[in-house]
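Novice: Below: one structure in structure tokens.
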Amino acid sequence: MKRGTQLKLQQLKIIIITWMLMGFLISVYDHLVLLTSSSLGPSAEYIFMVNVARNVGAGLVGALLGGSFLVFYVNVKYQDKPYGYTIVAVSISFVMVVALVTFLMGLVIVSLRVGNIFTDAAAGAAFKKFLKDTSHFKALIAWSFVVAITQLMLQVNNKFGQGSFWNIIRGKYNTPKEEQRIFMFLDINSSTSIAEKLGDEVYHALLKDFFADITNPILENKGNIYQYVGDEVVIAWKYDEGIENLQCLRCFFDMKLLVQQKKDKYMQRYGLVPSFKAGIHCGRVIAGEVGIIKRDITYSGDVLNTASRILNKCGEFNAEVIASTDLLSGLQIAKEYVSRPLGAIKLRGKEKEVLLHALAPAGKTMHF
């Protein structure tokens, strides 16, 4: 199963659990309201556990239908649209889901209480009475807040990146932590001349398409997008995940393959197919939360500076991807990639030389 799908299923799992819990809390709230001194008390038909089953069941069905719609359709189909499109789509779908859930709950509850609504006139009348109950409007209001908050959390999670928002919520990086990470700095070749040729607005559209297209290969190789800087994207891996199946290297060539597969789209829209280069390095970094008004998790350390400097060497050595010996020493690349030693290079702003290698898929001729 693709990692992007796995992440969406994880989101759906959380929505299902949360909405079922909200159904239970709504039932408890209703029960407490009925027991207050300002209430006439529960009706003869009221049974707490039936009400719990009704609301929890509504949460489950609503999550399976509405949650799936949010995760697999709205936040995919409308990811490039203004947020207003999302609100309209969610609002329409929410009303439809509530109507469907109400209808299904009515079928089950009335049938259990009275009989088959399709053959029994009394059951049919009870079903109509159930549908007219004002409690459904109360449910509509309550669940509208649940859906709105859910969509907000999904949007915020996408804004911060997978897992980062949850790490901020639970305060994982309130105290800075040392971690072993792999970083890839990637940018588009000849970006300045392309920007001059296309103009600012069209060039921005190109970047938007490019960053969107390379996202899936990054996710499939267990990478996380750390940040975008102009035409540059910084990708990070936990060390163990990055070296697993050579994913930190495979990611680059998967991105390259995908862009080539979409070359007709790029040629039609922009008259060119973007090519890119990357520098990769690994080591210890300090991860910590920063910011007051805008909070974020940042990495600091010599590893990032080195990876950025390695990227700058790609043009000098006519290489599309260069990695440090520190990284390659932990990888078994012989079967899938060939490397061209570049020697010990003194990078700009650094005193210590770094051993570098240019990489290419096995079978591709490299010029030494």
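Each chain of the structure tokens is named A, B, ... in the order shown, its residues numbered from 1; ligands are numbered from 1 in display order.
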Run DSSP on the backbone and give me the residues of stretch 206-362 of chain A it puts in strand (DSSP E or B), as JSON, numbers by chain.

Specialist: {"A": [224, 225, 226, 227, 228, 229, 232, 233, 234, 235, 236, 237, 238, 276, 277, 278, 279, 280, 281, 282, 283, 284, 285, 286, 287, 288, 289, 290, 296, 297, 298, 299, 300, 321, 322, 323, 324, 337, 338, 339, 340, 341, 342, 343, 344, 345, 354, 355, 356, 357, 358, 359, 360, 361]}

Novice: Measure the distance from atom CA of A:Val234 to atom CA of A:Phe185 in Å and round it to one decimal.

Specialist: 4.7 Å

Novice: Name the residues of stretch 247-287 of chain A that come out as helix (DSSP H, G or I) in a backbone DSSP run; write them as a PyMOL selection string.

Specialist: chain A and resi 247-261+263-270

Novice: Measure the distance from atom CA of A:Leu207 to atom CA of A:Asp231 in Å and round it to one decimal.

Specialist: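 Calculated distance between atom CA of A:Leu207 and atom CA of A:Asp231 is 6.7 Å.
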
Novice: Which residues of stretch 95-211 of chain A sit at most 10 Å from stretch 46-56 of chain A, using only C-alpha atoms? Give each one's shortest atom pair and distance in Å (one decimal place), in chain and ascending residue order, as a Markdown table.

Specialist:
| residue | atom | partner | partner_atom | distance |
| --- | --- | --- | --- | --- |
| A:Thr102 | CA | A:Arg54 | CA | 9.7 |
| A:Met105 | CA | A:Arg54 | CA | 7.0 |
| A:Gly106 | CA | A:Arg54 | CA | 9.6 |
| A:Val108 | CA | A:Arg54 | CA | 9.4 |
| A:Ile109 | CA | A:Arg54 | CA | 8.1 |
| A:Ala139 | CA | A:Asn55 | CA | 9.0 |

Novice: Identify which of the residues A:Leu258, A:Leu112, A:Ala122, A:Leu186 lies closest to A:Tyr228, counting only C-alpha atoms when measuring atom-to-atom distances.

Specialist: A:Leu186

Novice: Which one is closest to A:Gln10: A:Glu244, A:Leu154, A:Ser144, A:Arg113? Count only C-alpha atoms.

Specialist: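 Distance minimum relative to A:Gln10 lands on A:Leu154.
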
Novice: Extract, using only C-alpha atoms, all DNA, RNA and protein residues at most 12 Å from A:Pro274, discarding same-chain residues fewer than 5 positions from it, and format them as an MDAnalysis selection string.

Specialist: chainID A and resid 187:191 193:195 203 206:207 209:211 213:214 231 255:267 269

Novice: Export N, CA and C atoms of the chosen residues as an mmCIF file, in the first residue's frame?

Specialist:
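And here is the file that came out, part_33.cif:
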data_model
loop_
_atom_site.group_PDB
_atom_site.id
_atom_site.type_symbol
_atom_site.label_atom_id
_atom_site.label_comp_id
_atom_site.auth_asym_id
_atom_site.auth_seq_id
_atom_site.Cartn_x
_atom_site.Cartn_y
_atom_site.Cartn_z
ATOM 1 N N ASP A 187 16.831 21.929 -5.855
ATOM 2 C CA ASP A 187 16.286 23.105 -6.531
ATOM 3 C C ASP A 187 16.291 22.908 -8.039
ATOM 4 N N ILE A 188 15.533 23.763 -8.728
ATOM 5 C CA ILE A 188 15.361 23.674 -10.173
ATOM 6 C C ILE A 188 16.565 24.302 -10.880
ATOM 7 N N ASN A 189 17.032 23.629 -11.924
ATOM 8 C CA ASN A 189 18.152 24.151 -12.707
ATOM 9 C C ASN A 189 17.729 25.392 -13.490
ATOM 10 N N SER A 190 18.650 26.329 -13.595
ATOM 11 C CA SER A 190 18.455 27.554 -14.413
ATOM 12 C C SER A 190 17.183 28.289 -14.016
ATOM 13 N N SER A 191 16.910 28.324 -12.734
ATOM 14 C CA SER A 191 15.656 28.915 -12.261
ATOM 15 C C SER A 191 15.550 30.405 -12.592
ATOM 16 N N SER A 193 16.869 32.126 -15.187
ATOM 17 C CA SER A 193 16.538 32.354 -16.600
ATOM 18 C C SER A 193 15.120 31.895 -16.915
ATOM 19 N N ILE A 194 14.655 30.820 -16.273
ATOM 20 C CA ILE A 194 13.283 30.347 -16.483
ATOM 21 C C ILE A 194 12.292 31.392 -15.979
ATOM 22 N N ALA A 195 12.581 31.967 -14.807
ATOM 23 C CA ALA A 195 11.693 32.977 -14.240
ATOM 24 C C ALA A 195 11.620 34.208 -15.146
ATOM 25 N N TYR A 203 5.793 31.637 -13.636
ATOM 26 C CA TYR A 203 6.855 30.890 -12.946
ATOM 27 C C TYR A 203 6.356 30.366 -11.601
ATOM 28 N N LEU A 206 4.421 27.339 -12.268
ATOM 29 C CA LEU A 206 5.332 26.221 -12.532
ATOM 30 C C LEU A 206 5.828 25.617 -11.224
ATOM 31 N N LEU A 207 6.251 26.473 -10.296
ATOM 32 C CA LEU A 207 6.721 25.977 -9.003
ATOM 33 C C LEU A 207 5.617 25.216 -8.266
ATOM 34 N N ASP A 209 3.038 23.607 -9.547
ATOM 35 C CA ASP A 209 2.856 22.301 -10.184
ATOM 36 C C ASP A 209 4.002 21.359 -9.842
ATOM 37 N N PHE A 210 5.209 21.877 -9.894
ATOM 38 C CA PHE A 210 6.395 21.048 -9.636
ATOM 39 C C PHE A 210 6.396 20.519 -8.208
ATOM 40 N N PHE A 211 6.156 21.404 -7.243
ATOM 41 C CA PHE A 211 6.147 20.977 -5.843
ATOM 42 C C PHE A 211 5.014 19.985 -5.570
ATOM 43 N N ASP A 213 3.753 17.870 -7.808
ATOM 44 C CA ASP A 213 4.058 16.604 -8.471
ATOM 45 C C ASP A 213 5.095 15.782 -7.710
ATOM 46 N N ILE A 214 6.069 16.432 -7.087
ATOM 47 C CA ILE A 214 7.123 15.663 -6.410
ATOM 48 C C ILE A 214 6.723 15.239 -4.996
ATOM 49 N N ASP A 231 12.634 28.508 -5.090
ATOM 50 C CA ASP A 231 12.496 27.344 -5.968
ATOM 51 C C ASP A 231 13.163 26.114 -5.358
ATOM 52 N N MET A 255 11.363 11.106 -8.220
ATOM 53 C CA MET A 255 10.862 12.426 -8.586
ATOM 54 C C MET A 255 11.199 12.750 -10.038
ATOM 55 N N LYS A 256 12.410 12.434 -10.427
ATOM 56 C CA LYS A 256 12.840 12.686 -11.800
ATOM 57 C C LYS A 256 11.984 11.913 -12.789
ATOM 58 N N LEU A 257 11.715 10.630 -12.483
ATOM 59 C CA LEU A 257 10.897 9.802 -13.364
ATOM 60 C C LEU A 257 9.483 10.348 -13.485
ATOM 61 N N LEU A 258 8.903 10.779 -12.356
ATOM 62 C CA LEU A 258 7.535 11.286 -12.382
ATOM 63 C C LEU A 258 7.428 12.567 -13.207
ATOM 64 N N VAL A 259 8.407 13.461 -13.054
ATOM 65 C CA VAL A 259 8.378 14.709 -13.835
ATOM 66 C C VAL A 259 8.497 14.404 -15.320
ATOM 67 N N GLN A 260 9.323 13.417 -15.670
ATOM 68 C CA GLN A 260 9.443 13.035 -17.075
ATOM 69 C C GLN A 260 8.130 12.464 -17.604
ATOM 70 N N GLN A 261 7.426 11.716 -16.751
ATOM 71 C CA GLN A 261 6.134 11.161 -17.156
ATOM 72 C C GLN A 261 5.100 12.257 -17.397
ATOM 73 N N LYS A 262 5.291 13.394 -16.769
ATOM 74 C CA LYS A 262 4.370 14.515 -16.920
ATOM 75 C C LYS A 262 4.920 15.603 -17.850
ATOM 76 N N LYS A 263 5.886 15.220 -18.673
ATOM 77 C CA LYS A 263 6.546 16.224 -19.519
ATOM 78 C C LYS A 263 5.577 16.894 -20.497
ATOM 79 N N ASP A 264 4.585 16.145 -20.982
ATOM 80 C CA ASP A 264 3.630 16.745 -21.915
ATOM 81 C C ASP A 264 2.851 17.875 -21.247
ATOM 82 N N LYS A 265 2.493 17.674 -19.975
ATOM 83 C CA LYS A 265 1.787 18.726 -19.238
ATOM 84 C C LYS A 265 2.666 19.975 -19.117
ATOM 85 N N TYR A 266 3.936 19.776 -18.757
ATOM 86 C CA TYR A 266 4.830 20.919 -18.577
ATOM 87 C C TYR A 266 5.096 21.634 -19.899
ATOM 88 N N MET A 267 5.266 20.859 -20.970
ATOM 89 C CA MET A 267 5.520 21.483 -22.269
ATOM 90 C C MET A 267 4.309 22.278 -22.728
ATOM 91 N N ARG A 269 1.964 23.674 -20.827
ATOM 92 C CA ARG A 269 1.699 24.840 -19.978
ATOM 93 C C ARG A 269 2.836 25.859 -19.978
#

Novice: Using only C-alpha atoms for the distances, tell me which of A:Gly4, A:Gly41, A:Pro361, A:Gly66 is nearest to A:Gly223.

Specialist: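 Of the candidates, the smallest distance to A:Gly223 is held by A:Gly4.
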
Novice: Point out the residue among A:Ala344, A:Asp302, A:Gly279, A:Glu289 with the least atom-to-atom distance to A:Glu320, counting only C-alpha atoms.

Specialist: A:Gly279

Novice: Under the rule that only C-alpha atoms are counted, which of A:His204, A:Lys277, A:Lys335, A:Arg3 is the nearest residue to A:Asn221?

Specialist: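 The closest residue to A:Asn221 is A:Arg3.
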